[in-house]
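Novice: The structure file my_file_36.pdb (PDB, C-alpha atoms) is provided below.
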ATOM      1  CA  MET D 643       0.000   0.000   0.000
ATOM      2  CA  ARG D 644       1.283   3.447  -0.803
ATOM      3  CA  ILE D 645       0.102   6.561   0.980
ATOM      4  CA  ALA D 646       0.929   9.857  -0.584
ATOM      5  CA  SER D 647      -0.379  13.376  -0.817
ATOM      6  CA  GLY D 648      -1.331  14.919  -4.120
ATOM      7  CA  ILE D 649      -1.492  11.643  -6.080
ATOM      8  CA  ARG D 650      -3.939  11.603  -8.989
ATOM      9  CA  LYS D 651      -6.706   9.000  -8.978
ATOM     10  CA  PRO D 652      -6.557   6.310 -11.668
ATOM     11  CA  LYS D 653      -8.815   6.954 -14.673
ATOM     12  CA  LYS D 654     -10.531   3.562 -14.348
ATOM     13  CA  PRO D 655     -10.749   2.550 -10.673
ATOM     14  CA  ILE D 656     -10.966  -1.124  -9.779
ATOM     15  CA  LEU D 657     -13.963  -2.038  -7.582
ATOM     16  CA  GLY D 658     -13.599  -2.384  -3.822
ATOM     17  CA  THR D 659     -13.783   0.107  -0.960
ATOM     18  CA  GLU D 660     -12.195  -1.409   2.191
ATOM     19  CA  LEU D 661      -8.467  -1.804   2.634
ATOM     20  CA  SER D 662      -5.811  -2.713   5.164
ATOM     21  CA  GLY D 663      -2.095  -3.205   4.846
ATOM     22  CA  GLU D 664       1.353  -1.830   5.467
ATOM     23  CA  ILE D 665       2.486   1.530   4.158
ATOM     24  CA  GLU D 666       5.135   0.950   1.510
ATOM     25  CA  ALA D 667       6.064   4.579   0.807
ATOM     26  CA  ILE D 668       4.906   8.113   1.631
ATOM     27  CA  GLY D 669       5.066  11.436  -0.132
ATOM     28  CA  LYS D 670       7.493  14.099   1.096
ATOM     29  CA  ASP D 671       4.724  16.188   2.715
ATOM     30  CA  VAL D 672       3.009  13.351   4.629
ATOM     31  CA  LYS D 673       3.134  13.901   8.413
ATOM     32  CA  LYS D 674       0.458  11.575   9.829
ATOM     33  CA  PHE D 675       1.945   8.268   8.614
ATOM     34  CA  LYS D 676       5.350   6.713   8.090
ATOM     35  CA  LYS D 677       6.711   3.833   6.037
ATOM     36  CA  GLY D 678       5.922   0.516   7.742
ATOM     37  CA  ASP D 679       2.749   1.708   9.536
ATOM     38  CA  HIS D 680      -0.020  -0.887   9.602
ATOM     39  CA  VAL D 681      -3.229   0.868   8.533
ATOM     40  CA  PHE D 682      -6.812   0.292   7.500
ATOM     41  CA  GLY D 683      -9.366   2.473   5.783
ATOM     42  CA  PHE D 684     -12.070   3.094   3.267
ATOM     43  CA  THR D 685     -12.001   4.700  -0.166
ATOM     44  CA  GLY D 686     -15.739   5.369  -0.366
ATOM     45  CA  MET D 687     -17.246   5.867  -3.797
ATOM     46  CA  SER D 688     -13.833   6.168  -5.449
ATOM     47  CA  MET D 689     -13.383   2.384  -5.011
ATOM     48  CA  GLY D 690     -10.088   0.924  -6.230
ATOM     49  CA  THR D 691      -8.949  -1.337  -3.363
ATOM     50  CA  ASN D 692      -8.799  -4.711  -5.135
ATOM     51  CA  VAL D 693      -5.178  -4.123  -6.117
ATOM     52  CA  GLU D 694      -1.777  -4.817  -4.618
ATOM     53  CA  TYR D 695      -0.959  -1.117  -4.137
ATOM     54  CA  ILE D 696      -3.160   1.936  -3.755
ATOM     55  CA  CYS D 697      -2.295   5.609  -3.345
ATOM     56  CA  MET D 698      -4.408   7.630  -0.944
ATOM     57  CA  PRO D 699      -4.228  11.199   0.307
ATOM     58  CA  GLU D 700      -3.033  11.613   3.898
ATOM     59  CA  GLU D 701      -6.353  13.217   4.853
ATOM     60  CA  GLY D 702      -8.322  10.261   3.440
ATOM     61  CA  THR D 703     -10.314   7.814   5.553
ATOM     62  CA  LEU D 704      -7.303   5.937   6.874
ATOM     63  CA  THR D 705      -5.949   5.197  10.358
ATOM     64  CA  ILE D 706      -3.498   2.994  12.227
ATOM     65  CA  LYS D 707      -4.630  -0.640  12.599
ATOM     66  CA  PRO D 708      -4.891  -1.893  16.186
ATOM     67  CA  ALA D 709      -2.203  -4.523  16.840
ATOM     68  CA  ASN D 710      -4.685  -7.033  18.265
ATOM     69  CA  ILE D 711      -6.689  -7.515  15.035
ATOM     70  CA  THR D 712      -5.752  -9.051  11.696
ATOM     71  CA  TYR D 713      -5.631  -7.207   8.393
ATOM     72  CA  GLU D 714      -8.766  -9.089   7.323
ATOM     73  CA  GLN D 715     -10.650  -8.024  10.457
ATOM     74  CA  ALA D 716      -9.509  -4.429  10.042
ATOM     75  CA  ALA D 717     -10.626  -4.270   6.411
ATOM     76  CA  ALA D 718     -14.072  -5.548   7.389
ATOM     77  CA  ILE D 719     -14.578  -2.768   9.951
ATOM     78  CA  ALA D 720     -14.532   0.228   7.670
ATOM     79  CA  TYR D 721     -17.674  -0.192   5.576
ATOM     80  CA  GLY D 722     -20.132  -1.144   8.319
ATOM     81  CA  ALA D 723     -18.825   1.275  10.915
ATOM     82  CA  LEU D 724     -18.579   4.279   8.604
ATOM     83  CA  THR D 725     -21.980   3.610   7.036
ATOM     84  CA  ALA D 726     -23.610   3.394  10.470
ATOM     85  CA  LEU D 727     -21.851   6.548  11.652
ATOM     86  CA  PHE D 728     -22.847   8.462   8.507
ATOM     87  CA  PHE D 729     -26.552   7.681   8.932
ATOM     88  CA  LEU D 730     -26.667   8.238  12.696
ATOM     89  CA  ARG D 731     -25.033  11.630  12.228
ATOM     90  CA  LYS D 732     -27.625  12.480   9.565
ATOM     91  CA  ALA D 733     -30.274  11.851  12.234
ATOM     92  CA  ASN D 734     -28.377  14.127  14.654
ATOM     93  CA  ILE D 735     -28.484  11.396  17.288
ATOM     94  CA  GLN D 736     -28.626  12.755  20.843
ATOM     95  CA  ARG D 737     -28.198  11.405  24.367
ATOM     96  CA  GLY D 738     -31.464  10.075  25.753
ATOM     97  CA  GLN D 739     -33.126   9.449  22.394
ATOM     98  CA  LYS D 740     -34.804   6.133  21.685
ATOM     99  CA  VAL D 741     -33.296   4.463  18.612
ATOM    100  CA  LEU D 742     -34.502   1.299  16.874
ATOM    101  CA  ILE D 743     -31.990  -0.549  14.676
ATOM    102  CA  PHE D 744     -33.583  -3.056  12.280
ATOM    103  CA  GLY D 745     -30.984  -5.627  11.219
ATOM    104  CA  ALA D 746     -29.023  -5.021  14.431
ATOM    105  CA  SER D 747     -26.785  -8.078  14.042
ATOM    106  CA  GLY D 748     -25.664  -7.359  10.471
ATOM    107  CA  GLY D 749     -22.580  -5.671   9.048
ATOM    108  CA  VAL D 750     -23.955  -2.137   9.416
ATOM    109  CA  GLY D 751     -26.452  -2.856  12.199
ATOM    110  CA  ASN D 752     -23.990  -4.159  14.762
ATOM    111  CA  TYR D 753     -21.974  -0.943  14.472
ATOM    112  CA  ALA D 754     -25.155   1.140  14.566
ATOM    113  CA  VAL D 755     -26.077  -0.467  17.899
ATOM    114  CA  GLN D 756     -22.642   0.243  19.368
ATOM    115  CA  LEU D 757     -22.479   3.794  18.052
ATOM    116  CA  ALA D 758     -26.016   4.677  19.154
ATOM    117  CA  ARG D 759     -25.145   3.400  22.614
ATOM    118  CA  TYR D 760     -21.902   5.405  22.558
ATOM    119  CA  PHE D 761     -23.909   8.561  21.770
ATOM    120  CA  GLY D 762     -26.081   7.865  24.836
ATOM    121  CA  ALA D 763     -29.246   6.664  23.119
ATOM    122  CA  LYS D 764     -31.557   3.979  24.423
ATOM    123  CA  VAL D 765     -31.097   1.259  21.810
ATOM    124  CA  VAL D 766     -33.624  -1.300  20.631
ATOM    125  CA  GLY D 767     -32.184  -3.889  18.239
ATOM    126  CA  VAL D 768     -34.322  -5.990  15.915
ATOM    127  CA  CYS D 769     -32.794  -9.281  14.786
ATOM    128  CA  SER D 770     -33.440 -13.026  14.439
ATOM    129  CA  THR D 771     -33.943 -15.388  17.383
ATOM    130  CA  LYS D 772     -30.395 -16.749  17.358
ATOM    131  CA  LYS D 773     -28.833 -13.256  17.399
ATOM    132  CA  LEU D 774     -30.731 -11.796  20.388
ATOM    133  CA  GLU D 775     -27.940 -12.328  22.929
ATOM    134  CA  PHE D 776     -25.315 -11.061  20.480
ATOM    135  CA  VAL D 777     -27.261  -7.819  19.934
ATOM    136  CA  LYS D 778     -27.643  -7.345  23.696
ATOM    137  CA  SER D 779     -23.900  -7.917  24.121
ATOM    138  CA  LEU D 780     -23.282  -5.050  21.684
ATOM    139  CA  GLY D 781     -25.142  -2.674  23.985
ATOM    140  CA  ALA D 782     -28.805  -2.877  22.977
ATOM    141  CA  ASP D 783     -31.102  -2.202  25.914
ATOM    142  CA  ILE D 784     -33.784  -4.356  24.301
ATOM    143  CA  ALA D 785     -33.525  -6.967  21.543
ATOM    144  CA  ILE D 786     -36.675  -7.787  19.572
ATOM    145  CA  ASP D 787     -37.004 -11.066  17.682
ATOM    146  CA  TYR D 788     -38.544 -10.105  14.326
ATOM    147  CA  CYS D 789     -39.656 -13.745  13.885
ATOM    148  CA  LYS D 790     -41.970 -13.392  16.899
ATOM    149  CA  GLU D 791     -42.772  -9.697  17.206
ATOM    150  CA  ASP D 792     -43.528  -6.837  14.830
ATOM    151  CA  PHE D 793     -42.002  -3.702  16.358
ATOM    152  CA  THR D 794     -44.625  -1.548  14.615
ATOM    153  CA  LYS D 795     -47.388  -3.229  16.650
ATOM    154  CA  ASN D 796     -45.982  -2.922  20.191
ATOM    155  CA  GLY D 797     -47.118   0.692  20.733
ATOM    156  CA  GLN D 798     -43.564   2.035  21.193
ATOM    157  CA  THR D 799     -42.317   5.121  19.367
ATOM    158  CA  TYR D 800     -38.755   6.050  18.477
ATOM    159  CA  ASP D 801     -36.761   9.185  17.727
ATOM    160  CA  VAL D 802     -34.823   7.252  15.088
ATOM    161  CA  ILE D 803     -35.699   4.105  13.147
ATOM    162  CA  PHE D 804     -32.681   2.861  11.215
ATOM    163  CA  ASP D 805     -33.401   0.024   8.783
ATOM    164  CA  THR D 806     -29.996  -1.312   7.784
ATOM    165  CA  LEU D 807     -31.455  -3.985   5.492
ATOM    166  CA  GLY D 808     -34.215  -2.194   3.579
ATOM    167  CA  LYS D 809     -36.799  -4.695   4.903
ATOM    168  CA  THR D 810     -39.212  -2.448   6.810
ATOM    169  CA  SER D 811     -42.260  -0.785   5.330
ATOM    170  CA  VAL D 812     -42.244   3.001   5.376
ATOM    171  CA  SER D 813     -46.015   3.183   5.813
ATOM    172  CA  HIS D 814     -46.041   0.682   8.717
ATOM    173  CA  SER D 815     -42.959   2.146  10.405
ATOM    174  CA  LYS D 816     -44.317   5.698  10.286
ATOM    175  CA  LYS D 817     -46.683   5.121  13.211
ATOM    176  CA  SER D 818     -43.705   3.991  15.342
ATOM    177  CA  LEU D 819     -41.805   7.202  14.665
ATOM    178  CA  LYS D 820     -42.060  10.165  17.027
ATOM    179  CA  LYS D 821     -43.036  13.554  15.649
ATOM    180  CA  ASN D 822     -39.953  15.026  13.924
ATOM    181  CA  GLY D 823     -38.248  11.618  14.159
ATOM    182  CA  PHE D 824     -35.891  10.203  11.541
ATOM    183  CA  TYR D 825     -36.543   7.127   9.397
ATOM    184  CA  LEU D 826     -33.199   5.986   7.964
ATOM    185  CA  PHE D 827     -32.436   3.174   5.574
ATOM    186  CA  ALA D 828     -29.001   2.102   4.403
ATOM    187  CA  THR D 829     -30.219   0.293   1.311
ATOM    188  CA  PHE D 830     -33.235   0.747  -0.910
ATOM    189  CA  GLY D 831     -34.625   0.274  -4.370
ATOM    190  CA  LEU D 832     -37.329   1.871  -6.486
ATOM    191  CA  PRO D 833     -40.268   0.425  -4.458
ATOM    192  CA  LYS D 834     -38.873   1.958  -1.234
ATOM    193  CA  LEU D 835     -38.332   5.300  -2.966
ATOM    194  CA  VAL D 836     -41.947   5.307  -4.152
ATOM    195  CA  GLN D 837     -43.129   4.534  -0.585
ATOM    196  CA  ILE D 838     -41.132   7.456   0.770
ATOM    197  CA  LEU D 839     -42.484   9.861  -1.810
TER     198      LEU D 839
END
Would you mind giving the structure from this file in structure tokens?

Specialist:
Amino acid sequence: MRIASGIRKPKKPILGTELSGEIEAIGKDVKKFKKGDHVFGFTGMSMGTNVEYICMPEEGTLTIKPANITYEQAAAIAYGALTALFFLRKANIQRGQKVLIFGASGGVGNYAVQLARYFGAKVVGVCSTKKLEFVKSLGADIAIDYCKEDFTKNGQTYDVIFDTLGKTSVSHSKKSLKKNGFYLFATFGLPKLVQIL
């Protein structure tokens, strides 16, 4: 992996967004990293990580890899964690809010649970039966088994409903949302867009 400042992007990027590796070389103006640093990061929409070497700007989404995780584990962190953080920030998450995460055990959902808890929210995670304890271990105050209970029918309302899977119905979820609440979804298609409109 090469980290440098002022490097032009390739004209045809190769797909892939997550990366981890060892810095092979740095540009003369780079201050944050040094050759040999073990790092991980995310290229976002610019893609290009399915290669042996990649050049990134110093101010890109890149940081030092913790020594107690593998490169593979580090590369897997970036997408889910950054996606969850992006959406929770869009909702202006606040301490004391009640947040429901649908798909709480998934790649984005498990980070959403942890981040919402970090921000001081009361977290309700929706997941399958076998993942209930896992979701609670992440910091969810309550874990709802979607196989046995429909969260839209329990009379509870939430400041934020974050559907990480695109599986909830906008029209059914609306009654579970507090006035001025946020309904977030990390993935959607044309039918979901029509529902929102």

Novice: Quick one: everything within 10 Å of region 753-755 of chain D, counting all atoms listed in the file, minus sequence neighbours fewer than 2 positions away in the same chain. Send it as a PyMOL selection string.

Specialist: chain D and resi 719+721-730+741-751+757-760+763-767+777-783+804+806

Novice: Which is closer to Thr799 (chain D) than all the others in D:Ile711, D:Leu819, D:Val681, D:Val812, using all atoms listed in the file?

Specialist: D:Leu819

Novice: Please write the residues picked by the PyMOL selection byres ((chain D and resi 717) around 12) on this file as a PyMOL selection string.

Specialist: chain D and resi 658-663+680-685+691-692+704-708+711-716+718-724

Novice: I'd like to see the residues matched by the PyMOL selection byres ((chain D and resi 820) around 7) on this file, and ideally I'd get them as a VMD selection string.

Specialist: chain D and resid 799 to 801 818 to 819 821 to 823

Novice: Please tell me which residues are no farther than 9 Å from (-3.0, 12.2, 4.5) in the file, counting only C-alpha atoms, and write them as number ranges by chain.

Specialist: D: 645-647, 671-675, 698-704

Novice: Once the PyMOL selection byres ((chain D and resi 737) around 7) has been applied to the shown file, what residues remain in the selection, as a list in words?

Specialist: Gln736, Gly738, Gln739, Phe761, Gly762 and Ala763 of chain D

Novice: Would you save the residues from that selection as a PDB file, in the coordinates of the input, using C-alpha atoms?

Specialist:
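Result saved to out23.pdb:
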ATOM      1  CA  GLN D 736     -28.626  12.755  20.843  1.00  0.00           C
ATOM      2  CA  GLY D 738     -31.464  10.075  25.753  1.00  0.00           C
ATOM      3  CA  GLN D 739     -33.126   9.449  22.394  1.00  0.00           C
ATOM      4  CA  PHE D 761     -23.909   8.561  21.770  1.00  0.00           C
ATOM      5  CA  GLY D 762     -26.081   7.865  24.836  1.00  0.00           C
ATOM      6  CA  ALA D 763     -29.246   6.664  23.119  1.00  0.00           C
TER       7      ALA D 763
END

Novice: Excluding same-chain residues fewer than 4 positions from Asp787 (chain D), what lies within 8 Å of it counting only C-alpha atoms, as a list in words?

Specialist: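 Once the adjacent positions are removed, what remains is Val768, Cys769, Ser770, Thr771, Leu774 and Glu791 of chain D.
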
Novice: Using all atoms listed in the file, find the one residue out of D:Lys817, D:Cys789, D:Lys677, D:Ile665 that sits nearest to Ile696 (chain D).

Specialist: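 Nearest candidate to Ile696 (chain D) out of D:Lys817, D:Cys789, D:Lys677, D:Ile665: D:Ile665.
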
Novice: In Å, how far is it from CA of Asn796 (chain D) to CA of Asn734 (chain D)?

Specialist: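 Computed distance, CA of Asn796 (chain D) to CA of Asn734 (chain D), equals 25.1 Å.
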
Novice: Step by step, gather every atom of region 709-712 of chain D that the file lists, find the box along x, y and z that holds them, add 6 Å on each side, and finally give centre and edge lengths in Å to one decimal, as AutoDock Vina command-line options.

Specialist:
--center_x -4.4 --center_y -6.8 --center_z 15.0 --size_x 16.5 --size_y 16.5 --size_z 18.6

Novice: Can you measure CA of Asn710 (chain D) to CA of Gln756 (chain D) for me? One decimal in Å is fine.

Specialist: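 Between CA of Asn710 (chain D) and CA of Gln756 (chain D) the gap is 19.4 Å.
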
Novice: How far is it from CA of His814 (chain D) to CA of Lys772 (chain D), in Å with one decimal?

Specialist: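 Value for the CA of His814 (chain D)-CA of Lys772 (chain D) distance: 25.0 Å.
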
Novice: Please rebuild region 797-814 of chain D with N, CA and C atoms and return the result as an mmCIF file, in the coordinates of the input.

Specialist:
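Result went into rebuild_34.cif, see below:
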data_model
loop_
_atom_site.group_PDB
_atom_site.id
_atom_site.type_symbol
_atom_site.label_atom_id
_atom_site.label_comp_id
_atom_site.auth_asym_id
_atom_site.auth_seq_id
_atom_site.Cartn_x
_atom_site.Cartn_y
_atom_site.Cartn_z
ATOM 1 N N GLY D 797 -46.719 -0.583 20.147
ATOM 2 C CA GLY D 797 -47.118 0.692 20.733
ATOM 3 C C GLY D 797 -45.973 1.618 21.091
ATOM 4 N N GLN D 798 -44.730 1.202 20.876
ATOM 5 C CA GLN D 798 -43.564 2.035 21.193
ATOM 6 C C GLN D 798 -43.274 3.001 20.040
ATOM 7 N N THR D 799 -42.741 4.167 20.396
ATOM 8 C CA THR D 799 -42.317 5.121 19.367
ATOM 9 C C THR D 799 -40.843 5.441 19.567
ATOM 10 N N TYR D 800 -40.203 5.856 18.485
ATOM 11 C CA TYR D 800 -38.755 6.050 18.477
ATOM 12 C C TYR D 800 -38.385 7.385 17.844
ATOM 13 N N ASP D 801 -37.299 7.956 18.325
ATOM 14 C CA ASP D 801 -36.761 9.185 17.727
ATOM 15 C C ASP D 801 -36.098 8.874 16.391
ATOM 16 N N VAL D 802 -35.506 7.686 16.309
ATOM 17 C CA VAL D 802 -34.823 7.252 15.088
ATOM 18 C C VAL D 802 -35.159 5.785 14.833
ATOM 19 N N ILE D 803 -35.571 5.487 13.610
ATOM 20 C CA ILE D 803 -35.699 4.105 13.147
ATOM 21 C C ILE D 803 -34.705 3.961 12.009
ATOM 22 N N PHE D 804 -33.740 3.063 12.192
ATOM 23 C CA PHE D 804 -32.681 2.861 11.215
ATOM 24 C C PHE D 804 -32.789 1.437 10.676
ATOM 25 N N ASP D 805 -33.284 1.318 9.453
ATOM 26 C CA ASP D 805 -33.401 0.024 8.783
ATOM 27 C C ASP D 805 -32.135 -0.203 7.972
ATOM 28 N N THR D 806 -31.268 -1.069 8.450
ATOM 29 C CA THR D 806 -29.996 -1.312 7.784
ATOM 30 C C THR D 806 -30.109 -2.293 6.626
ATOM 31 N N LEU D 807 -31.272 -2.940 6.508
ATOM 32 C CA LEU D 807 -31.455 -3.985 5.492
ATOM 33 C C LEU D 807 -32.424 -3.615 4.378
ATOM 34 N N GLY D 808 -33.199 -2.560 4.563
ATOM 35 C CA GLY D 808 -34.215 -2.194 3.579
ATOM 36 C C GLY D 808 -35.424 -3.123 3.615
ATOM 37 N N LYS D 809 -35.720 -3.702 4.788
ATOM 38 C CA LYS D 809 -36.799 -4.695 4.903
ATOM 39 C C LYS D 809 -38.067 -4.155 5.550
ATOM 40 N N THR D 810 -38.013 -2.970 6.155
ATOM 41 C CA THR D 810 -39.212 -2.448 6.810
ATOM 42 C C THR D 810 -40.073 -1.692 5.806
ATOM 43 N N SER D 811 -41.323 -1.538 6.162
ATOM 44 C CA SER D 811 -42.260 -0.785 5.330
ATOM 45 C C SER D 811 -42.338 0.645 5.862
ATOM 46 N N VAL D 812 -42.181 1.590 4.980
ATOM 47 C CA VAL D 812 -42.244 3.001 5.376
ATOM 48 C C VAL D 812 -43.609 3.304 5.979
ATOM 49 N N SER D 813 -44.667 2.860 5.334
ATOM 50 C CA SER D 813 -46.015 3.183 5.813
ATOM 51 C C SER D 813 -46.303 2.542 7.175
ATOM 52 N N HIS D 814 -45.823 1.319 7.412
ATOM 53 C CA HIS D 814 -46.041 0.682 8.717
ATOM 54 C C HIS D 814 -45.130 1.270 9.796
#
